[in-house]
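Visitor: My questions all concern the structure below.
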Amino acid sequence: MHVAKIVRRHGDRVYVSHLVRRSFREGGRVRHETIANVSKLPAAAIEALARALRGEALMGAGDAFGIERSLPAGHVECVLAAAGRLGLARLLDRSPSRERDLCLAMVCQRVIAAGSKLETTRLLDQTTLASELAVEGADADELYAAMDWLGERQQRIEERLAARHLKGATLVLYDLSSSYFEGRHCPLAALGYSRDGKRGTLQVTYGLLCDPDGRPLAVEVFEGNTIDSQTVPAQIEKLKGRFGLKAVIVVCDRGMVTKANIAAMDEREGIGWITALKAPQVKRLVTRGDLQLSLFDQANLAEISSDEFPGERLIVCRNPLVAAERTRKRSELLAATEHELDKIKQRIKKGTLQGAAAIGLAVGPELKRYRMRKHFEIEITDDRLSFTRRHAEINAEQALDGIYVIRTSAPAEKLPPADVVRSYKSLARVERAFRAFKGPLEIRPIGHRLDQRVRAHVFICTLAYYLSWHLQGAWAELLFADEHPPTAPDPVAKAERSTQAANKASSKRTRNGHPCHSFESLITELGLQTRNTIRLHGSDATFDQLTQPSTLQARALELITTVPKHA
């Protein structure tokens with residue numbers, strides 16, 4: 001008996017049947033008798049029946065093999081492939097070592113799934129990362145020792161990154177952020193202005209230098225109470241001294257630039273700068289007549305000069321969308337403040353709040369809550385509270401809504417006004433890095449006691465962002481990111497997304513039909529491809545086998561090849 005496959009054609013159609021037949025001889029001829037039609041059985045069942053009729057011994061896969069362990073592997077393969085193309089291991093140190101492998105593991109693990117150093121020792125063995133880098137069984141003490149090793153090499157690594165990405169005359173982006181601290185014994189931890197919104201907690205401050213595209217190049221950690229402007233001189237020395245740049249323009253936020261810092265940059269040959277004026281300085285320009293609001297009747301960008309800022313170029317911009325939003329927000333804050341003050345008036349009327357001093361203590365926090373004190377005229381007596389809006393001041397401030405002034409020392413032949421505006425707005429790329437630090441890379445809370453460990457922790461997060469920055473660029477096709485963002489002719493206007501990006505956002509699908517992902521969800525998706533350790537029953541022999549990648553997983557690995565090699 002056997003299973004016969006019968007193929008019949010009728011016109012343009014093909015019919016396939018599977019029949020169980022018995023073959024026998026009759027009168028010297030071979031004849032076939034059909035026992036059963038098994039065409040409707042699953043293909044696997046038909047194959048098993050055919051093999052059984054041929055006399056083969058069949059057994060279940062579980063009787064021959066057993067899967068001992070499955071580990072997520074797809075995301076590790078992609079991250080290590082990108083790290084390899086970037087030469088990340090050699091960037092850390094030219095010579096292979098246990099410490100280099102541990103540091104590379106910490107950087108890659110922070111991209112895959114961030115955690116504390118103790119948690120990292122567990123996470124490493126929960127994917128194929130530990131075995132790929134031969135760091136199985138590493139404990140927290142080994143990771144701490146590797147961090148100390150990395151801290152000793154931070155300057156050399158930063159210099160290699162600068163040599164890669166800062167060539168010739170270029171822009172450098174610099175901004176500052178802070179993260180809260182757990183504990184009380186680190187010399188860097190101090191009370192200061194919290195950018196995490198955690199007032200009253202110790203923190204550390206760190207300044208990040210990026211290239212014009214937003215790649216992180218260097219990071220420096222300061223005490224938590226360090227004033228922004230005090231961090232700028234160290235960056236100037238770093239750019240000119242350690243990095244050896246002959247010509248560079250530093251783009252930094254308005255809170256970092258003081259007269260002393262500008263003087264220091266102007267004294268250094270080849271150092272230019274771009275920043276912005278603070279609100280009181282803009283008001284003075286209007287008061288002095290240097291800034292005429294009628295400039296914006298026809299355009300939203302103009303270049304002016306002022307005796308208050310000799311030798312500088314002032315680029316004045318007005319964004320009507322920002323102006324409308326600020327006007328709306330101010331109106332809501334004024335109304336909210338009046339609502340709270342009305343509550344106090346009701347308390348006075350009921351007699352539960354009396355005395356000028358007590359009333360003043362109640363009014364103060366409400367005026368401070370929304371920062372509207374400057375817009376109200378307040379009168380307080382022992383049994384009365386009255387308030388009115390200062391309409392003249394409100395109208396004067398509203399007239400400046402959406403207006404900002406960029407100042408620069410860069411000559412017009414090197415940077416036209418539109419390019420100055422675009423350069424200043426590129427600081428948003430550093431802000432994007434800080435959001436990644438405080439989001440998926442989990443730089444906070446910082447809990448290390450030793451200052452060198454805090455610096456190494458922040459540097460590991462910086463290297464992890466460097467790796468994820470390149471991964472996001474390579475995977476732009478699979479993410480909600482705009483693959484080819486258009487350059488707007490008007491640098492002041494709101495940035496527009498490309499048609500392709502808008503289609504991705506609406507359909508939630510890529511142009512190839514794959515589901516669109518965030519970076520974090522794509523990492524999770526890639527982790528669904530596992531490496532299985534399989535043991536032969538009755539034997540000590542084992543072998544590893546990767547599950548077949550999905551189309552999306554295969555495409556993600558393929559796109560890694562677009563990461564510039566050693567870029």
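By convention in this document, the chains of the structure tokens carry letters A, B, ... by their order, each chain's residues are numbered from 1, and ligands are numbered from 1 in the order they are shown.
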Skip segment 263-280 of chain A itself and residues of its chain fewer than 5 positions away, then list as a PyMOL selection string all residues within 7 Å of it, counting only C-alpha atoms.
Guide: chain A and resi 246-254+405-410+424
Visitor: Just to be explicit: take each residue in the selection above, keep N, CA and C atoms, and write the result as a compact mmCIF listing (two decimals), in the first residue's frame.
Guide:
# COMPACT_ATOMS: atom_id res chain seq x y z
N LYS A 246 39.80 74.20 15.21
CA LYS A 246 40.32 75.52 14.83
C LYS A 246 39.21 76.54 14.68
N ALA A 247 38.06 76.10 14.21
CA ALA A 247 36.93 77.01 14.03
C ALA A 247 35.64 76.28 14.41
N VAL A 248 34.89 76.84 15.33
CA VAL A 248 33.67 76.20 15.79
C VAL A 248 32.70 77.28 16.27
N ILE A 249 31.42 77.02 16.05
CA ILE A 249 30.36 77.91 16.54
C ILE A 249 29.55 77.14 17.57
N VAL A 250 29.51 77.64 18.78
CA VAL A 250 28.81 76.98 19.88
C VAL A 250 27.39 77.53 19.95
N VAL A 251 26.42 76.61 19.89
CA VAL A 251 25.01 76.99 20.01
C VAL A 251 24.54 76.58 21.40
N CYS A 252 24.10 77.54 22.19
CA CYS A 252 23.66 77.22 23.56
C CYS A 252 22.46 78.08 23.92
N ASP A 253 21.78 77.66 24.97
CA ASP A 253 20.54 78.31 25.39
C ASP A 253 20.85 79.65 26.04
N ARG A 254 19.81 80.50 26.10
CA ARG A 254 19.98 81.87 26.58
C ARG A 254 20.41 81.94 28.04
N VAL A 405 14.56 86.85 19.98
CA VAL A 405 15.70 87.48 19.32
C VAL A 405 16.92 86.59 19.50
N ILE A 406 17.50 86.17 18.39
CA ILE A 406 18.70 85.34 18.41
C ILE A 406 19.91 86.26 18.20
N ARG A 407 20.92 86.08 18.99
CA ARG A 407 22.14 86.88 18.87
C ARG A 407 23.30 85.96 18.51
N THR A 408 24.20 86.48 17.70
CA THR A 408 25.32 85.65 17.27
C THR A 408 26.51 86.52 16.92
N SER A 409 27.68 85.91 17.02
CA SER A 409 28.92 86.57 16.59
C SER A 409 29.35 86.10 15.21
N ALA A 410 28.61 85.14 14.62
CA ALA A 410 28.96 84.60 13.31
C ALA A 410 28.71 85.63 12.23
N TYR A 424 19.97 77.72 15.79
CA TYR A 424 19.51 77.85 17.18
C TYR A 424 18.39 76.85 17.48
Visitor: How would you write, as a list in words, the set of residues in segment 147-205 of chain A that DSSP gives as alpha helix (DSSP H)?
Guide: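 Checking each residue of segment 147-205 of chain A, the alpha helix (DSSP H) ones are Met147, Asp148, Trp149, Leu150, Gly151, Glu152, Gln154, Gln155, Arg156, Ile157, Glu158, Glu159, Arg160, Leu161, Ala162, Ala163, Arg164 and His165 of chain A.
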Visitor: Going by DSSP on the backbone, which bits of segment 278-427 of chain A are strand (DSSP E or B)? Write them as a list in words, please.
Guide: Leu301, Ala302, Glu303, Ile304, Arg313, Leu314, Ile315, Val316, Cys317, Arg318, Phe376, Glu377, Ile378, Glu379, Ile380, Thr381, Arg384, Leu385, Ser386, Phe387, Thr388, Arg389, Ile403, Tyr404, Val405, Ile406, Arg407 and Thr408 of chain A
Visitor: So which residues touch segment 312-317 of chain A within 8 Å, counting only C-alpha atoms, skipping near sequence neighbours fewer than 4 positions away, as a PyMOL selection string?
Guide: chain A and resi 300-306+402-411+417+420-421+492
Visitor: Keeping C-alpha atoms, export the residues of the selection given above as a compact mmCIF listing (two decimals), in the first residue's frame.
Guide:
# COMPACT_ATOMS: atom_id res chain seq x y z
CA ASN A 300 8.37 87.15 10.43
CA LEU A 301 12.17 87.49 10.37
CA ALA A 302 14.43 90.53 10.32
CA GLU A 303 18.01 91.41 11.22
CA ILE A 304 18.66 94.45 13.39
CA SER A 305 21.52 95.97 15.37
CA SER A 306 21.71 97.71 18.72
CA GLY A 402 5.83 84.89 19.85
CA ILE A 403 8.82 87.23 19.42
CA TYR A 404 12.31 86.01 20.16
CA VAL A 405 15.70 87.48 19.32
CA ILE A 406 18.70 85.34 18.41
CA ARG A 407 22.14 86.88 18.87
CA THR A 408 25.32 85.65 17.27
CA SER A 409 28.92 86.57 16.59
CA ALA A 410 28.96 84.60 13.31
CA PRO A 411 29.47 86.84 10.27
CA PRO A 417 19.89 84.97 9.02
CA VAL A 420 21.25 81.31 12.23
CA VAL A 421 17.62 80.61 13.15
CA VAL A 492 10.51 80.52 11.77
Visitor: I need the residue nearest Arg94 of chain A from this list: A:Gln398, A:Pro489, A:Ile157, A:Thr201. Use only C-alpha atoms for the distance.
Guide: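 Nearest to Arg94 of chain A: A:Ile157.
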Visitor: Pick out the residues sitting within 10 Å of Asp544 of chain A, and hand them over as an NGL selection string; count only C-alpha atoms, and ignore anything fewer than 6 positions along from it in its own chain.
Guide: :A and (67-70 or 531-535)
Visitor: Take the residues that were just selected and, keeping N, CA and C atoms, output them as a compact mmCIF listing (two decimals), in the first residue's frame.
Guide:
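And here's again.txt as it stands now:
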# COMPACT_ATOMS: atom_id res chain seq x y z
N ILE A 67 13.51 21.10 24.20
CA ILE A 67 14.01 22.48 24.28
C ILE A 67 14.30 22.79 25.74
N GLU A 68 15.57 22.99 26.03
CA GLU A 68 15.97 23.26 27.42
C GLU A 68 15.71 24.70 27.83
N ARG A 69 15.97 25.65 26.89
CA ARG A 69 15.82 27.04 27.26
C ARG A 69 15.63 27.89 26.00
N SER A 70 14.80 28.93 26.13
CA SER A 70 14.62 29.88 25.05
C SER A 70 14.97 31.27 25.57
N ARG A 531 16.50 32.35 20.70
CA ARG A 531 17.50 31.31 20.48
C ARG A 531 17.18 30.15 21.41
N ASN A 532 16.90 28.99 20.84
CA ASN A 532 16.50 27.82 21.61
C ASN A 532 17.67 26.87 21.78
N THR A 533 17.90 26.45 23.01
CA THR A 533 18.90 25.42 23.29
C THR A 533 18.19 24.07 23.32
N ILE A 534 18.58 23.17 22.40
CA ILE A 534 17.89 21.89 22.20
C ILE A 534 18.81 20.74 22.58
N ARG A 535 18.28 19.79 23.34
CA ARG A 535 19.06 18.63 23.78
C ARG A 535 18.50 17.37 23.11
Visitor: Can you pull out the residues contacting segment 435-448 of chain A? Cut-off 6 Å, using only C-alpha atoms, and skip same-chain residues under 4 positions away; I want them as a list of chain:residue names.
Guide: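 The filter keeps A:Arg110, A:Ala114, A:Ser179, A:Tyr180, A:Phe181, A:Glu182, A:Val454.
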Visitor: Quick one: of A:Thr120, A:Thr205, A:Ser178, A:Gln154, who's nearest to Ala456 of chain A, counting only C-alpha atoms?
Guide: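 Using only C-alpha atoms, Ala456 of chain A sits closest to A:Gln154.
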Visitor: Do you know which residues are at most 9 Å from Arg22 of chain A counting only C-alpha atoms, after dropping those on the same chain fewer than 4 positions away, and could you put them as number ranges by chain?
Guide: A: 1-3, 31-35
Visitor: The selected residues should be written to file as a CSV table (one decimal), in the first residue's frame (atoms: N, CA and C atoms).
Guide:
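And here's out-v4.csv as it stands now:
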chain,number,residue,atom,x,y,z
A,1,MET,N,0.8,-1.2,0.0
A,1,MET,CA,0.0,0.0,0.0
A,1,MET,C,0.9,1.2,0.0
A,2,HIS,N,0.4,2.3,-0.6
A,2,HIS,CA,1.1,3.5,-0.7
A,2,HIS,C,0.2,4.7,-0.9
A,3,VAL,N,0.7,5.9,-0.8
A,3,VAL,CA,-0.1,7.1,-1.0
A,3,VAL,C,0.3,7.6,-2.4
A,31,ARG,N,-1.8,-3.8,-11.2
A,31,ARG,CA,-3.0,-3.0,-11.1
A,31,ARG,C,-3.0,-2.3,-9.7
A,32,HIS,N,-3.8,-1.2,-9.7
A,32,HIS,CA,-3.9,-0.4,-8.5
A,32,HIS,C,-5.4,-0.3,-8.0
A,33,GLU,N,-5.6,-0.5,-6.7
A,33,GLU,CA,-6.9,-0.5,-6.1
A,33,GLU,C,-6.9,0.7,-5.1
A,34,THR,N,-7.9,1.6,-5.3
A,34,THR,CA,-8.0,2.8,-4.4
A,34,THR,C,-8.7,2.3,-3.1
A,35,ILE,N,-8.0,2.5,-2.0
A,35,ILE,CA,-8.6,2.2,-0.7
A,35,ILE,C,-9.3,3.3,-0.1
Visitor: Residues near Ser468 of chain A, anyone? I mean within 12 Å using only C-alpha atoms, not counting same-chain ones fewer than 6 positions away, as a ChimeraX atom specification.
Guide: /A:78-80,82-83,86,107-113,214-216,433,436-437,440-441,461-462,474-476,519-520,523,560,563
